[in-house]
$ cat start.txt   # compact mmCIF, C-alpha atoms
# COMPACT_ATOMS: atom_id res chain seq x y z
CA MET A 10 26.22 182.91 7.65
CA LYS A 11 25.89 186.68 7.18
CA LYS A 12 29.22 186.75 5.39
CA GLU A 13 28.09 184.03 2.94
CA GLN A 14 24.82 185.87 2.36
CA LYS A 15 26.65 189.15 1.64
CA GLU A 16 28.99 187.34 -0.78
CA GLN A 17 25.99 185.87 -2.60
CA GLU A 18 24.35 189.31 -2.80
CA LEU A 19 27.59 190.81 -4.16
CA GLU A 20 27.84 188.06 -6.79
CA LYS A 21 24.22 188.73 -7.78
CA LEU A 22 24.89 192.49 -8.07
CA VAL A 23 27.99 191.92 -10.22
CA ALA A 24 26.05 189.52 -12.43
CA TYR A 25 23.25 192.15 -12.67
CA LEU A 26 25.70 194.84 -13.79
CA ASP A 27 27.19 192.44 -16.36
CA GLY A 28 23.74 191.55 -17.64
CA GLU A 29 24.14 187.89 -16.71
CA VAL A 30 20.98 187.40 -14.63
CA SER A 31 17.57 186.07 -15.53
CA GLU A 32 14.56 188.36 -15.74
CA GLN A 33 13.31 187.22 -12.34
CA GLU A 34 16.71 187.88 -10.71
CA ALA A 35 16.90 191.30 -12.41
CA ILE A 36 13.50 192.20 -10.96
CA GLU A 37 14.64 191.10 -7.49
CA VAL A 38 17.82 193.23 -7.73
CA GLU A 39 15.87 196.28 -8.95
CA GLN A 40 13.41 195.92 -6.06
CA SER A 41 16.34 195.69 -3.67
CA LEU A 42 17.85 198.84 -5.22
CA SER A 43 14.60 200.75 -4.79
CA ARG A 44 14.27 199.75 -1.13
CA ASP A 45 17.82 199.75 0.25
CA GLU A 46 20.14 202.77 0.16
CA GLU A 47 23.17 200.62 1.09
CA VAL A 48 22.62 198.43 -1.96
CA ARG A 49 22.38 201.51 -4.22
CA VAL A 50 25.65 202.88 -2.82
CA HIS A 51 27.29 199.52 -3.37
CA VAL A 52 26.07 199.31 -6.99
CA ASP A 53 27.28 202.88 -7.67
CA SER A 54 30.67 201.97 -6.25
CA LEU A 55 30.86 198.92 -8.49
CA GLU A 56 29.87 200.96 -11.57
CA ARG A 57 32.55 203.58 -10.86
CA THR A 58 35.12 200.80 -10.42
CA TRP A 59 34.19 199.40 -13.85
CA GLN A 60 34.44 202.83 -15.41
CA LEU A 61 37.91 203.32 -13.91
CA LEU A 62 38.98 199.90 -15.16
CA ASP A 63 37.78 200.84 -18.65
CA ARG A 64 40.09 203.90 -18.61
CA LEU A 65 43.20 201.82 -17.91
CA PRO A 66 45.37 201.12 -20.95
CA ILE A 67 44.97 197.63 -22.37
CA ALA A 68 48.21 195.74 -22.26
CA LYS A 69 49.16 193.78 -25.36
CA ALA A 70 50.50 190.30 -24.88
CA SER A 71 53.76 189.48 -26.63
CA GLU A 72 53.81 186.98 -29.48
CA GLU A 73 55.81 184.55 -27.31
CA PHE A 74 53.25 184.76 -24.49
CA THR A 75 50.43 184.10 -26.95
CA ASN A 76 52.23 181.09 -28.45
CA ASN A 77 53.08 179.66 -25.02
CA THR A 78 49.50 180.08 -23.84
CA LEU A 79 48.06 178.47 -26.96
CA SER A 80 50.50 175.54 -26.80
CA THR A 81 49.66 175.02 -23.12
CA ILE A 82 45.95 175.00 -23.93
CA LYS A 83 46.53 172.53 -26.77
CA THR A 84 48.56 170.24 -24.46
CA ILE A 85 45.81 170.31 -21.84
CA GLN A 86 43.20 169.54 -24.49
CA LEU A 87 45.24 166.60 -25.80
CA GLU A 88 45.72 165.20 -22.30
CA ALA A 89 42.01 165.57 -21.60
CA GLN A 90 41.24 163.83 -24.90
CA ALA A 91 43.62 160.97 -24.05
CA ILE A 92 42.01 160.53 -20.63
CA GLU A 93 38.56 160.60 -22.22
CA ASP A 94 39.64 157.98 -24.78
CA GLN A 95 40.99 155.77 -22.00
CA ASN A 96 37.77 156.13 -20.03
CA ARG A 97 35.73 155.24 -23.11
CA SER A 98 37.85 152.16 -23.75
CA GLY A 99 37.25 151.07 -20.17
CA PHE A 100 40.97 150.83 -19.41
CA SER A 101 42.31 153.76 -17.45
CA MET A 102 45.45 153.69 -15.37
CA ASN A 103 47.40 156.41 -13.71
CA LYS A 104 51.18 156.22 -13.29
CA LYS A 105 50.94 154.84 -9.75
CA MET A 106 48.68 152.01 -10.89
CA GLN A 107 50.98 151.29 -13.85
CA GLU A 108 54.00 151.09 -11.51
CA GLN A 109 52.13 148.77 -9.14
CA LEU A 110 51.09 146.56 -12.06
CA ARG A 111 54.68 146.42 -13.32
CA LYS A 112 55.97 145.44 -9.86
CA ALA A 113 53.25 142.79 -9.49
CA THR A 114 54.11 141.37 -12.92
CA VAL A 115 57.81 141.14 -12.06
CA ALA A 116 57.04 139.51 -8.70
CA GLY A 117 54.64 137.06 -10.39
CA GLY A 118 57.32 136.17 -12.94
CA TRP A 119 59.82 135.46 -10.18
CA ILE A 120 57.31 133.32 -8.27
CA ILE A 121 56.43 131.29 -11.38
CA GLY A 122 60.13 130.88 -12.23
CA LEU A 123 60.91 129.71 -8.70
CA ALA A 124 57.99 127.27 -8.70
CA CYS A 125 59.10 125.82 -12.05
CA SER A 126 62.69 125.48 -10.80
CA ILE A 127 61.53 123.62 -7.70
CA PHE A 128 59.27 121.32 -9.72
CA PHE A 129 61.88 120.44 -12.36
CA GLY A 130 64.58 120.09 -9.70
CA TYR A 131 62.42 117.63 -7.79
CA MET A 132 61.59 115.66 -10.94
CA PHE A 133 65.26 115.55 -12.03
CA THR A 134 66.61 114.42 -8.64
CA ASN A 135 63.77 111.94 -8.24
CA GLN A 136 64.92 110.21 -11.44
CA LEU A 137 68.64 110.23 -10.55
CA VAL A 138 68.55 109.23 -6.87
CA PRO A 139 67.41 105.65 -6.36
CA GLU A 140 64.86 104.91 -3.69
CA GLU A 141 66.32 103.53 -0.48
CA SER A 142 63.57 100.95 -0.15
CA GLU A 143 64.19 99.38 -3.57
CA PRO A 144 67.03 97.04 -2.46
CA LEU A 145 64.99 96.07 0.59
CA LEU A 146 62.00 95.13 -1.56
CA SER A 147 64.13 92.90 -3.78
CA GLU A 148 65.25 90.97 -0.66
CA LEU A 149 61.83 90.92 1.03
CA SER A 150 61.61 87.15 1.36
CA PHE A 151 65.00 87.06 3.06
CA ILE A 152 64.01 89.86 5.46
CA GLU A 153 60.72 88.13 6.33
CA ASN A 154 62.62 84.99 7.32
CA LEU A 155 65.56 86.73 9.00
CA ASP A 156 64.65 85.38 12.45
CA THR A 157 64.70 81.85 11.09
CA TYR A 158 68.01 82.38 9.31
CA SER A 159 69.63 83.83 12.39
CA GLU A 160 69.14 80.46 14.17
CA VAL A 161 71.31 78.75 11.56
CA GLN A 162 74.73 78.03 12.98
CA SER A 163 76.67 77.54 9.77
CA LEU A 164 76.39 77.02 6.03
CA GLU A 165 77.32 73.34 6.37
CA PHE A 166 74.27 72.81 8.63
CA LEU A 167 71.98 74.21 5.91
CA GLU A 168 73.54 71.95 3.30
CA GLU A 169 72.95 68.89 5.51
CA LEU A 170 69.31 69.89 5.93
CA SER A 171 68.95 70.35 2.19
CA HIS A 172 70.41 66.91 1.47
CA SER A 173 68.24 65.26 4.06
CA GLY A 174 65.04 66.61 2.41
CA THR A 175 63.83 68.55 5.42
CA PHE A 176 63.19 71.67 3.36
CA ASN A 177 60.99 69.73 0.95
CA GLU A 178 58.84 68.38 3.81
CA THR A 179 58.43 71.83 5.34
CA ALA A 180 57.40 73.33 2.01
CA GLN A 181 54.79 70.57 1.49
CA GLN A 182 53.33 71.14 4.94
CA LYS A 183 52.96 74.89 4.38
CA SER A 184 51.17 74.40 1.06
CA ARG A 185 48.44 72.30 2.63

$ encode --input "start.txt" --output "structure tokens"
Amino acid sequence: MKKEQKEQELEKLVAYLDGEVSEQEAIEVEQSLSRDEEVRVHVDSLERTWQLLDRLPIAKASEEFTNNTLSTIKTIQLEAQAIEDQNRSGFSMNKKMQEQLRKATVAGGWIIGLACSIFFGYMFTNQLVPEESEPLLSELSFIENLDTYSEVQSLEFLEELSHSGTFNETAQQKSR
């Protein structure tokens, strides 16, 4: 905690020397300077450091460095503007989200294609392959009377019954 407090005091002193503090903060720093010898020594040290820095020769940046720096700043500004425009439009996606969306779209396309193939395959084979029960339905009356027909010994016996009129009597009895 002491370290943080000293860092804050140093920041305040630097801001005071640069003239970047409010009137109230300037008054507080001046009161601290009048009371504390350590603070005065520290401020003097900072002032001498600034004076020495002012004596150093100022290096000139090359034309290439200036152009590179300005183009980098312009690129950053354009990217920031593009992000801001996306945020304003309500549709903002980073590259990871775009890749995930692309993968999901491809997977969805495959799933829909597979589902359509299964559906049309089923419909096509359903039309081509006849139902196994269809021949049985066309012979339903025969199947219902199969037990009766199995008692018949021969075709000649059925013809004799037909000529004798037995089938007509049986049919009349059932209709009553």

$ atom_distance --input "start.txt" --atom1 "CA of Phe74 (chain A)" --atom2 "CA of Gln86 (chain A)"
18.2 Å

$ atom_distance --input "start.txt" --atom1 "CA of Leu123 (chain A)" --atom2 "CA of Leu110 (chain A)"
19.8 Å

$ atom_distance --input "start.txt" --atom1 "CA of Tyr25 (chain A)" --atom2 "CA of Ile67 (chain A)"
24.4 Å

$ closest_residue --input "start.txt" --among "A:Arg64, A:Arg97, A:Lys69, A:Lys21" --to "Gln33 (chain A)" --atoms "all atoms listed in the file"
A:Lys21

$ residues_around --input "start.txt" --residues "Gln60 (chain A)" --least-positions-apart "6" --cutoff "12 Å" --atoms "only C-alpha atoms" --output "PDB file with C-alpha atoms, in the frame of the given file"
ATOM      1  CA  LEU A  26      25.700 194.840 -13.790  1.00  0.00           C
ATOM      2  CA  ASP A  53      27.280 202.880  -7.670  1.00  0.00           C
ATOM      3  CA  SER A  54      30.670 201.970  -6.250  1.00  0.00           C
TER       4      SER A  54
END

$ residues_around --input "start.txt" --residues "Glu56 (chain A)" --least-positions-apart "5" --cutoff "10 Å" --atoms "only C-alpha atoms" --output "PyMOL selection string"
chain A and resi 23+26+50-51+61-62

$ build_atoms --input "start.txt" --residues "region 51-62 of chain A" --atoms "all heavy atoms" --output "PDB file, in the coordinates of the input"
ATOM      1  N   HIS A  51      26.393 200.618  -2.966  1.00  0.00           N
ATOM      2  CA  HIS A  51      27.290 199.520  -3.370  1.00  0.00           C
ATOM      3  C   HIS A  51      27.314 199.369  -4.890  1.00  0.00           C
ATOM      4  O   HIS A  51      28.388 199.199  -5.499  1.00  0.00           O
ATOM      5  CB  HIS A  51      26.869 198.220  -2.686  1.00  0.00           C
ATOM      6  CG  HIS A  51      27.949 197.208  -2.599  1.00  0.00           C
ATOM      7  ND1 HIS A  51      29.091 197.388  -1.866  1.00  0.00           N
ATOM      8  CD2 HIS A  51      28.079 195.991  -3.193  1.00  0.00           C
ATOM      9  CE1 HIS A  51      29.867 196.342  -1.990  1.00  0.00           C
ATOM     10  NE2 HIS A  51      29.276 195.472  -2.804  1.00  0.00           N
ATOM     11  N   VAL A  52      26.157 199.434  -5.529  1.00  0.00           N
ATOM     12  CA  VAL A  52      26.070 199.310  -6.990  1.00  0.00           C
ATOM     13  C   VAL A  52      26.772 200.493  -7.646  1.00  0.00           C
ATOM     14  O   VAL A  52      27.511 200.328  -8.623  1.00  0.00           O
ATOM     15  CB  VAL A  52      24.595 199.194  -7.449  1.00  0.00           C
ATOM     16  CG1 VAL A  52      24.475 199.375  -8.948  1.00  0.00           C
ATOM     17  CG2 VAL A  52      24.024 197.859  -7.025  1.00  0.00           C
ATOM     18  N   ASP A  53      26.587 201.705  -7.121  1.00  0.00           N
ATOM     19  CA  ASP A  53      27.280 202.880  -7.670  1.00  0.00           C
ATOM     20  C   ASP A  53      28.786 202.715  -7.565  1.00  0.00           C
ATOM     21  O   ASP A  53      29.527 203.046  -8.495  1.00  0.00           O
ATOM     22  CB  ASP A  53      26.843 204.158  -6.927  1.00  0.00           C
ATOM     23  CG  ASP A  53      25.432 204.584  -7.294  1.00  0.00           C
ATOM     24  OD1 ASP A  53      24.953 204.164  -8.375  1.00  0.00           O
ATOM     25  OD2 ASP A  53      24.814 205.329  -6.502  1.00  0.00           O
ATOM     26  N   SER A  54      29.237 202.188  -6.448  1.00  0.00           N
ATOM     27  CA  SER A  54      30.670 201.970  -6.250  1.00  0.00           C
ATOM     28  C   SER A  54      31.208 200.969  -7.272  1.00  0.00           C
ATOM     29  O   SER A  54      32.279 201.166  -7.858  1.00  0.00           O
ATOM     30  CB  SER A  54      30.920 201.473  -4.827  1.00  0.00           C
ATOM     31  OG  SER A  54      32.244 201.087  -4.655  1.00  0.00           O
ATOM     32  N   LEU A  55      30.447 199.919  -7.505  1.00  0.00           N
ATOM     33  CA  LEU A  55      30.860 198.920  -8.490  1.00  0.00           C
ATOM     34  C   LEU A  55      30.901 199.510  -9.897  1.00  0.00           C
ATOM     35  O   LEU A  55      31.840 199.256 -10.670  1.00  0.00           O
ATOM     36  CB  LEU A  55      29.920 197.703  -8.456  1.00  0.00           C
ATOM     37  CG  LEU A  55      30.052 196.768  -7.248  1.00  0.00           C
ATOM     38  CD1 LEU A  55      28.933 195.732  -7.261  1.00  0.00           C
ATOM     39  CD2 LEU A  55      31.401 196.075  -7.245  1.00  0.00           C
ATOM     40  N   GLU A  56      29.903 200.345 -10.248  1.00  0.00           N
ATOM     41  CA  GLU A  56      29.870 200.960 -11.570  1.00  0.00           C
ATOM     42  C   GLU A  56      31.058 201.899 -11.772  1.00  0.00           C
ATOM     43  O   GLU A  56      31.688 201.902 -12.833  1.00  0.00           O
ATOM     44  CB  GLU A  56      28.547 201.708 -11.780  1.00  0.00           C
ATOM     45  CG  GLU A  56      27.378 200.801 -12.053  1.00  0.00           C
ATOM     46  CD  GLU A  56      26.078 201.579 -12.237  1.00  0.00           C
ATOM     47  OE1 GLU A  56      25.906 202.673 -11.633  1.00  0.00           O
ATOM     48  OE2 GLU A  56      25.229 201.083 -12.995  1.00  0.00           O
ATOM     49  N   ARG A  57      31.401 202.676 -10.751  1.00  0.00           N
ATOM     50  CA  ARG A  57      32.550 203.580 -10.860  1.00  0.00           C
ATOM     51  C   ARG A  57      33.846 202.781 -10.999  1.00  0.00           C
ATOM     52  O   ARG A  57      34.737 203.156 -11.760  1.00  0.00           O
ATOM     53  CB  ARG A  57      32.625 204.493  -9.625  1.00  0.00           C
ATOM     54  CG  ARG A  57      31.710 205.699  -9.777  1.00  0.00           C
ATOM     55  CD  ARG A  57      31.820 206.673  -8.632  1.00  0.00           C
ATOM     56  NE  ARG A  57      30.874 206.200  -7.611  1.00  0.00           N
ATOM     57  CZ  ARG A  57      31.138 206.098  -6.318  1.00  0.00           C
ATOM     58  NH1 ARG A  57      32.265 206.491  -5.832  1.00  0.00           N
ATOM     59  NH2 ARG A  57      30.223 205.649  -5.495  1.00  0.00           N
ATOM     60  N   THR A  58      33.922 201.655 -10.311  1.00  0.00           N
ATOM     61  CA  THR A  58      35.120 200.800 -10.420  1.00  0.00           C
ATOM     62  C   THR A  58      35.262 200.290 -11.847  1.00  0.00           C
ATOM     63  O   THR A  58      36.359 200.313 -12.413  1.00  0.00           O
ATOM     64  CB  THR A  58      35.021 199.609  -9.430  1.00  0.00           C
ATOM     65  OG1 THR A  58      34.844 200.118  -8.116  1.00  0.00           O
ATOM     66  CG2 THR A  58      36.249 198.744  -9.481  1.00  0.00           C
ATOM     67  N   TRP A  59      34.138 199.887 -12.459  1.00  0.00           N
ATOM     68  CA  TRP A  59      34.190 199.400 -13.850  1.00  0.00           C
ATOM     69  C   TRP A  59      34.602 200.525 -14.808  1.00  0.00           C
ATOM     70  O   TRP A  59      35.363 200.317 -15.730  1.00  0.00           O
ATOM     71  CB  TRP A  59      32.844 198.816 -14.274  1.00  0.00           C
ATOM     72  CG  TRP A  59      32.808 197.317 -14.164  1.00  0.00           C
ATOM     73  CD1 TRP A  59      33.232 196.427 -15.078  1.00  0.00           C
ATOM     74  CD2 TRP A  59      32.341 196.566 -13.063  1.00  0.00           C
ATOM     75  NE1 TRP A  59      33.065 195.151 -14.623  1.00  0.00           N
ATOM     76  CE2 TRP A  59      32.505 195.199 -13.372  1.00  0.00           C
ATOM     77  CE3 TRP A  59      31.775 196.885 -11.820  1.00  0.00           C
ATOM     78  CZ2 TRP A  59      32.150 194.171 -12.520  1.00  0.00           C
ATOM     79  CZ3 TRP A  59      31.424 195.859 -10.985  1.00  0.00           C
ATOM     80  CH2 TRP A  59      31.622 194.522 -11.330  1.00  0.00           C
ATOM     81  N   GLN A  60      34.092 201.702 -14.559  1.00  0.00           N
ATOM     82  CA  GLN A  60      34.440 202.830 -15.410  1.00  0.00           C
ATOM     83  C   GLN A  60      35.934 203.146 -15.309  1.00  0.00           C
ATOM     84  O   GLN A  60      36.596 203.416 -16.314  1.00  0.00           O
ATOM     85  CB  GLN A  60      33.623 204.069 -15.029  1.00  0.00           C
ATOM     86  CG  GLN A  60      32.165 203.959 -15.412  1.00  0.00           C
ATOM     87  CD  GLN A  60      31.325 205.110 -14.850  1.00  0.00           C
ATOM     88  OE1 GLN A  60      31.820 205.970 -14.119  1.00  0.00           O
ATOM     89  NE2 GLN A  60      30.034 205.108 -15.199  1.00  0.00           N
ATOM     90  N   LEU A  61      36.479 203.075 -14.088  1.00  0.00           N
ATOM     91  CA  LEU A  61      37.910 203.320 -13.910  1.00  0.00           C
ATOM     92  C   LEU A  61      38.740 202.218 -14.597  1.00  0.00           C
ATOM     93  O   LEU A  61      39.785 202.489 -15.196  1.00  0.00           O
ATOM     94  CB  LEU A  61      38.270 203.396 -12.425  1.00  0.00           C
ATOM     95  CG  LEU A  61      37.804 204.641 -11.679  1.00  0.00           C
ATOM     96  CD1 LEU A  61      38.083 204.505 -10.194  1.00  0.00           C
ATOM     97  CD2 LEU A  61      38.491 205.883 -12.235  1.00  0.00           C
ATOM     98  N   LEU A  62      38.273 201.009 -14.509  1.00  0.00           N
ATOM     99  CA  LEU A  62      38.980 199.900 -15.160  1.00  0.00           C
ATOM    100  C   LEU A  62      38.969 200.070 -16.678  1.00  0.00           C
ATOM    101  O   LEU A  62      39.942 199.727 -17.358  1.00  0.00           O
ATOM    102  CB  LEU A  62      38.357 198.549 -14.778  1.00  0.00           C
ATOM    103  CG  LEU A  62      38.644 198.059 -13.360  1.00  0.00           C
ATOM    104  CD1 LEU A  62      37.845 196.784 -13.075  1.00  0.00           C
ATOM    105  CD2 LEU A  62      40.128 197.796 -13.163  1.00  0.00           C
TER     106      LEU A  62
END
